[in-house]
Each structure stands twice: as structure tokens, then as C-alpha cells.
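The structure appears right after this line, and notes come after that.
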Amino acid sequence: MYFDYLEELELRIESGDVIYACQGQGTHQWHIGESLEDVSNKAQLVANLKKYPMPVYQLISGSEATPESYLVVKKVVLSSVGDPQRYDWVQVDTRQAAELVRDVAHGATPFFGLITESTIKPNK
């Protein structure tokens, strides 16, 4: 129940779907989507706001040995009825760090590998 979205995302990636991600405006916010164009547009907005280049990543299975870094759900924030309201994401450098920081309050959350697809520079 708490991880339906994450487990579905993991299954889609393992079955060959290409999923992209970029950091959001907030500290633990990430944009995740199937369209490189959509995620790149969101990365452009964030790059313009933060005034520095913003990487766009392709998500891969966290069990693969080749990621540059990992994207992990640090905390599942539940609504008053117990459904996930939002996920607080964090990027870490190693698989060991991913396993240590992931939310385990209701069972261990899956984590994902990140590979840089492109870098979006802020508009001048």
C-alpha cells in the first residue's frame, strides 16, 4: 500500500521502460516521468530558479552495478488516512548509503540507480 507507486516504478524499469528524473525546487522533491522532453522542461525551470546547471537522469534498477549515484525515498509522508501523501527523495553516491537512508518504517523502500542523460543550463 505504502509503496505501490515505487514498486510499480521498479517493475516498469526492470521490464525495459525508460524513466527520467530531475531534482525539483524543494529540498527532497524530484520530478519523475516517461518523457525526456517533459522532465527536461521541469529541469529548465529549476535550473533557471537555482541559477546553476541541472542534470536530467535516466532511472535504472538499483540492483545494477553501473549507476553514477542512487535515488532513494528517505521518508514516506503519510496523509491522515494512511495513504502516501508524498515521498521525500535523496540522492546518494553509494549502494550502501542507499540502503542506510531509505525509509524502512513500513518495510524497506526500493531505490533506483541514476545515469546522467543530459545537463540543462539556466537561461541567461
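As shown in the C-alpha cells, the chain order sets the letters A, B, ...; within each chain, residues go from 1, and ligands are also counted from 1 in the order they appear.
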**Item:** chain A: residues DSSP assigns to strand (DSSP E), reported as a ChimeraX atom specification
**Value:** /A:19-23,30-33,54-61,69-78,84-92,111-120
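Look at A:Arg12: the protein and nucleic acid residues within 12 Å of it, using only C-alpha atoms and passing over chain neighbours fewer than 3 places away, are Tyr5, Leu6, Glu7, Glu8, Leu9, Ser15, Gly16, Asp17, Val18, Ile19, Gly33, Glu34, Leu59, Ile60, Ser61 and Phe112 of chain A.
Residue nearest A:Ile32, chosen from A:Ser79, A:Gln58, A:Asn123, A:Gln96 and counting only C-alpha atoms: A:Gln58.
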**Request:** From a DSSP calculation on the backbone, collect every residue of stretch 18-86 of chain A in helix (DSSP H, G or I) and output the set as a list in words.
**Result:** Leu36, Glu37, Asp38, Val39, Ser40, Asn41, Lys42, Ala43, Gln44, Leu45, Val46, Ala47, Asn48, Leu49 and Lys50 of chain A
Keeping only all heavy atoms, write the selected residues to a file as a CSV table (one decimal), in the first residue's frame.
```
chain,number,residue,atom,x,y,z
A,36,LEU,N,11.4,12.5,-21.9
A,36,LEU,CA,12.6,13.2,-21.7
A,36,LEU,C,12.3,14.7,-21.8
A,36,LEU,O,12.9,15.6,-21.1
A,36,LEU,CB,13.7,12.8,-22.6
A,36,LEU,CG,15.0,13.5,-22.6
A,36,LEU,CD1,15.7,13.4,-21.2
A,36,LEU,CD2,16.0,13.0,-23.6
A,37,GLU,N,11.5,15.1,-22.8
A,37,GLU,CA,11.1,16.5,-23.0
A,37,GLU,C,10.5,17.1,-21.8
A,37,GLU,O,10.8,18.2,-21.4
A,37,GLU,CB,10.2,16.6,-24.2
A,37,GLU,CG,9.9,18.0,-24.6
A,37,GLU,CD,9.0,18.1,-25.8
A,37,GLU,OE1,8.8,17.1,-26.5
A,37,GLU,OE2,8.6,19.3,-26.1
A,38,ASP,N,9.5,16.4,-21.2
A,38,ASP,CA,8.8,16.9,-20.0
A,38,ASP,C,9.7,17.1,-18.8
A,38,ASP,O,9.7,18.1,-18.2
A,38,ASP,CB,7.6,16.0,-19.7
A,38,ASP,CG,6.4,16.1,-20.6
A,38,ASP,OD1,6.4,17.0,-21.4
A,38,ASP,OD2,5.6,15.2,-20.6
A,39,VAL,N,10.5,16.1,-18.6
A,39,VAL,CA,11.4,16.2,-17.4
A,39,VAL,C,12.5,17.3,-17.7
A,39,VAL,O,12.8,18.0,-16.8
A,39,VAL,CB,12.1,14.8,-17.1
A,39,VAL,CG1,13.1,14.9,-16.1
A,39,VAL,CG2,11.0,13.8,-16.7
A,40,SER,N,12.9,17.4,-18.9
A,40,SER,CA,13.9,18.4,-19.3
A,40,SER,C,13.3,19.8,-19.1
A,40,SER,O,14.0,20.8,-18.7
A,40,SER,CB,14.4,18.3,-20.7
A,40,SER,OG,15.2,17.1,-20.8
A,41,ASN,N,12.0,20.0,-19.5
A,41,ASN,CA,11.3,21.3,-19.3
A,41,ASN,C,11.3,21.6,-17.8
A,41,ASN,O,11.5,22.8,-17.4
A,41,ASN,CB,9.9,21.2,-19.9
A,41,ASN,CG,9.9,21.3,-21.4
A,41,ASN,OD1,10.9,21.7,-22.0
A,41,ASN,ND2,8.9,20.8,-22.0
A,42,LYS,N,11.0,20.6,-16.9
A,42,LYS,CA,11.0,20.8,-15.5
A,42,LYS,C,12.4,21.2,-15.0
A,42,LYS,O,12.6,22.0,-14.1
A,42,LYS,CB,10.4,19.6,-14.8
A,42,LYS,CG,8.9,19.5,-15.0
A,42,LYS,CD,8.3,18.3,-14.4
A,42,LYS,CE,6.8,18.3,-14.8
A,42,LYS,NZ,6.1,17.1,-14.4
A,43,ALA,N,13.4,20.5,-15.5
A,43,ALA,CA,14.8,20.8,-15.1
A,43,ALA,C,15.2,22.2,-15.5
A,43,ALA,O,15.9,22.9,-14.8
A,43,ALA,CB,15.7,19.7,-15.8
A,44,GLN,N,14.7,22.7,-16.7
A,44,GLN,CA,15.0,24.0,-17.1
A,44,GLN,C,14.4,25.0,-16.1
A,44,GLN,O,15.1,26.0,-15.8
A,44,GLN,CB,14.4,24.3,-18.5
A,44,GLN,CG,14.7,25.6,-19.1
A,44,GLN,CD,16.2,25.7,-19.4
A,44,GLN,OE1,16.7,25.0,-20.3
A,44,GLN,NE2,16.9,26.6,-18.8
A,45,LEU,N,13.2,24.8,-15.7
A,45,LEU,CA,12.6,25.7,-14.7
A,45,LEU,C,13.4,25.8,-13.4
A,45,LEU,O,13.6,26.8,-12.8
A,45,LEU,CB,11.1,25.3,-14.4
A,45,LEU,CG,10.1,25.4,-15.5
A,45,LEU,CD1,8.8,24.7,-15.1
A,45,LEU,CD2,9.9,26.8,-15.9
A,46,VAL,N,13.8,24.6,-12.9
A,46,VAL,CA,14.6,24.5,-11.7
A,46,VAL,C,16.0,25.1,-11.9
A,46,VAL,O,16.5,25.9,-11.1
A,46,VAL,CB,14.7,23.0,-11.2
A,46,VAL,CG1,15.6,23.0,-10.0
A,46,VAL,CG2,13.4,22.5,-10.9
A,47,ALA,N,16.6,24.9,-13.1
A,47,ALA,CA,17.9,25.5,-13.4
A,47,ALA,C,17.8,27.0,-13.4
A,47,ALA,O,18.7,27.7,-12.9
A,47,ALA,CB,18.4,25.0,-14.7
A,48,ASN,N,16.7,27.5,-14.0
A,48,ASN,CA,16.6,29.0,-14.0
A,48,ASN,C,16.4,29.6,-12.6
A,48,ASN,O,16.9,30.6,-12.3
A,48,ASN,CB,15.4,29.4,-14.9
A,48,ASN,CG,15.6,29.1,-16.4
A,48,ASN,OD1,16.8,28.9,-16.8
A,48,ASN,ND2,14.6,29.0,-17.2
A,49,LEU,N,15.6,28.8,-11.8
A,49,LEU,CA,15.4,29.3,-10.5
A,49,LEU,C,16.6,29.3,-9.6
A,49,LEU,O,16.9,30.2,-8.9
A,49,LEU,CB,14.3,28.4,-9.8
A,49,LEU,CG,13.9,28.8,-8.4
A,49,LEU,CD1,13.1,30.1,-8.3
A,49,LEU,CD2,13.1,27.7,-7.8
A,50,LYS,N,17.3,28.1,-9.7
A,50,LYS,CA,18.5,28.0,-8.8
A,50,LYS,C,19.8,28.6,-9.4
A,50,LYS,O,20.8,28.6,-8.7
A,50,LYS,CB,18.7,26.5,-8.5
A,50,LYS,CG,17.6,25.9,-7.7
A,50,LYS,CD,17.8,24.5,-7.2
A,50,LYS,CE,16.7,24.0,-6.3
A,50,LYS,NZ,17.0,22.8,-5.7
```
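Comparing the minimum interatomic distances between A:Ala97 and each of A:Leu71, A:Ala65, A:Leu114, A:Cys22, counting only C-alpha atoms, we find that A:Leu71 sits nearest.
Across A:Trp89, A:Val77, A:Ser118, A:Glu10, the tightest approach to A:Tyr57 is made by A:Ser118 when counting only C-alpha atoms.
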**Complete:** Separating atom CA of A:Gly26 from atom CA of A:Val92, to the nearest tenth of an Å, is a gap of 16.6 Å
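Rounded to one decimal, atom CA of A:Asp103 and atom CA of A:Val73 lie 6.2 Å from each other.
One finds atom CA of A:Tyr20 at 16.4 Å from atom CA of A:Glu64.
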**Message:** Counting only C-alpha atoms, which residue out of A:Val76, A:Glu117, A:Tyr87, A:Tyr70 sits closest to A:Glu99?
**Reply:** A:Tyr70
